[in-house]
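Engineer: Provided herewith is a single structure, encoded as structure tokens, for subsequent inquiry.
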Amino acid sequence: MASFNKVILMGNLTKDPEIRYTPSGTPVATFGLAVNRRYKQGEELKDEVCYIDIVVFGKQAEHCGQYLGKGHGVIVDGRLQQRRWETDDGQKRSKHEVVAQSINFLPKRPDQGPAGGGTGAGKSAPAPEAQPHEEVVDQDVPF
């Protein structure tokens with residue numbers, strides 16, 4: 001039986017990207033992504049936030065480190081991965097993260113300043129269709 005592992009997320013960075021390098025010299029960027037969901041419970045609107053760890057390799061990792069910072073909006077396209085390891089005291093641990101295959105930078109909001117050493121000029125592709133929108137709630141569907 002075939003499998004399918006695809007993740008597409010749109011959210012905001014929870015911290016500046018952290019850049020490291022593999023022993024072979026490949027850049028690796030890691031950062032947290034906050035993905036918000038608004039829903040209606042009774043007459044009250046509620047917000048729910050999901051925090052997801054993102055990993056990206058190569059040139060895209062360098063671009064993320066140079067042009068992104070905490071609060072910047074991105075669209076991440078990638079796959080879900082589980083890492084497993086054992087701590088020094090023998091406890092087994094595991095963690096799910098998204099390994100990004102592509103990251104699209106969203107246009108900056110007016111209240112965001114430049115990140116790191118770059119201005120982001122030319123790196124934020126206009127994506128009006130990717131702007132945050134209010135989620136449809138089951139009660140709002142007419143059928």
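In the structure tokens, each chain is lettered A, B, ... as it comes, each chain's residues begin at 1, and ligands are numbered from 1 in order of appearance.
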List the spatial neighbours of Leu80 of chain A as a list in words - criterion: any atom at most 12 Å away, only C-alpha atoms, same-chain residues fewer than 3 positions off excluded.
Structural biologist: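 Within the cut-off, the hits are Phe4, Asn5, Lys6, Val7, Ile8, Leu9, Ile52, Asp53, Ile54, Val55, Val76, Asp77, Arg83, Lys95, His96, Glu97, Val98, Val99, Ala100 and Gln101 of chain A.
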Engineer: Write out, as a CSV table (one decimal), in the first residue's frame, the residues just selected, with N, CA, C and O atoms.
Structural biologist:
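What follows is the written file selection_4.csv:
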```csv
chain,number,residue,atom,x,y,z
A,4,PHE,N,1.5,8.5,1.9
A,4,PHE,CA,1.6,9.9,1.5
A,4,PHE,C,1.9,10.8,2.7
A,4,PHE,O,1.3,10.7,3.8
A,5,ASN,N,3.0,11.6,2.7
A,5,ASN,CA,3.4,12.4,3.8
A,5,ASN,C,3.6,13.8,3.3
A,5,ASN,O,4.7,14.1,2.7
A,6,LYS,N,2.7,14.7,3.5
A,6,LYS,CA,2.8,16.1,2.9
A,6,LYS,C,2.2,17.0,4.0
A,6,LYS,O,1.1,16.7,4.5
A,7,VAL,N,2.9,18.1,4.3
A,7,VAL,CA,2.4,19.1,5.3
A,7,VAL,C,2.5,20.5,4.6
A,7,VAL,O,3.6,20.8,4.1
A,8,ILE,N,1.5,21.2,4.7
A,8,ILE,CA,1.5,22.6,4.3
A,8,ILE,C,0.9,23.5,5.4
A,8,ILE,O,-0.2,23.2,5.9
A,9,LEU,N,1.8,24.4,5.9
A,9,LEU,CA,1.4,25.2,7.0
A,9,LEU,C,1.6,26.7,6.7
A,9,LEU,O,2.6,27.0,6.0
A,52,ILE,N,4.8,24.4,16.1
A,52,ILE,CA,5.4,23.3,15.4
A,52,ILE,C,6.9,23.6,15.1
A,52,ILE,O,7.2,24.8,14.7
A,53,ASP,N,7.8,22.6,15.3
A,53,ASP,CA,9.2,22.8,15.0
A,53,ASP,C,9.4,22.5,13.5
A,53,ASP,O,8.9,21.6,12.9
A,54,ILE,N,10.2,23.4,12.9
A,54,ILE,CA,10.5,23.4,11.4
A,54,ILE,C,12.0,23.2,11.2
A,54,ILE,O,12.8,23.9,11.9
A,55,VAL,N,12.4,22.3,10.3
A,55,VAL,CA,13.8,22.1,9.9
A,55,VAL,C,13.9,22.3,8.4
A,55,VAL,O,13.1,21.8,7.7
A,76,VAL,N,5.0,27.0,4.8
A,76,VAL,CA,6.0,25.9,4.8
A,76,VAL,C,5.3,24.7,4.1
A,76,VAL,O,4.2,24.3,4.4
A,77,ASP,N,6.0,24.2,3.1
A,77,ASP,CA,5.6,23.0,2.4
A,77,ASP,C,6.7,21.9,2.7
A,77,ASP,O,7.8,22.1,2.4
A,83,ARG,N,11.7,12.1,15.1
A,83,ARG,CA,13.1,11.7,15.5
A,83,ARG,C,13.0,11.0,16.9
A,83,ARG,O,12.2,11.4,17.7
A,95,LYS,N,10.3,13.1,19.0
A,95,LYS,CA,9.8,14.4,18.7
A,95,LYS,C,9.3,14.4,17.2
A,95,LYS,O,10.0,13.9,16.3
A,96,HIS,N,8.2,15.1,16.9
A,96,HIS,CA,7.7,15.3,15.6
A,96,HIS,C,8.1,16.7,15.1
A,96,HIS,O,8.1,17.6,15.9
A,97,GLU,N,8.6,16.8,13.9
A,97,GLU,CA,8.9,18.1,13.3
A,97,GLU,C,8.6,18.0,11.8
A,97,GLU,O,8.4,16.9,11.2
A,98,VAL,N,8.5,19.2,11.2
A,98,VAL,CA,8.3,19.3,9.8
A,98,VAL,C,9.6,19.6,9.1
A,98,VAL,O,10.3,20.5,9.5
A,99,VAL,N,10.0,18.7,8.1
A,99,VAL,CA,11.2,19.0,7.3
A,99,VAL,C,10.7,19.7,6.1
A,99,VAL,O,10.0,19.1,5.3
A,100,ALA,N,11.1,21.0,6.0
A,100,ALA,CA,10.6,21.8,4.9
A,100,ALA,C,11.3,21.5,3.6
A,100,ALA,O,12.5,21.4,3.5
A,101,GLN,N,10.5,21.4,2.5
A,101,GLN,CA,11.0,21.3,1.2
A,101,GLN,C,11.0,22.7,0.5
A,101,GLN,O,11.9,22.9,-0.4
```
Engineer: For atom CA of Val35 of chain A and atom CA of Tyr21 of chain A, quote the distance in Å rounded to one decimal.
Structural biologist: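 Interatomic distance here is 27.0 Å.
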Engineer: Using only C-alpha atoms, which residue out of A:Phe105, A:Ser94, A:Thr14, A:Arg84 lies closest to Cys50 of chain A?
Structural biologist: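 Distance minimum relative to Cys50 of chain A lands on A:Thr14.
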Engineer: Excluding Ile75 of chain A and any residue of its chain fewer than 6 positions from it, enumerate the residues within 6 Å of it, using only C-alpha atoms, and give them as a PyMOL selection string.
Structural biologist: chain A and resi 9-10+103-104
Engineer: Take atom CA of Thr30 of chain A and atom CA of Lys108 of chain A and report the distance between them in Å, one decimal.
Structural biologist: 20.2 Å
Engineer: Which of these residues is nearest to Val49 of chain A, using only C-alpha atoms: A:His72, A:Ala2, A:Ala34, A:Arg79?
Structural biologist: A:Ala34
Engineer: Take atom CA of Gly58 of chain A and atom CA of Val28 of chain A and report the distance between them in Å, one decimal.
Structural biologist: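 Those two atoms sit 6.5 Å apart.
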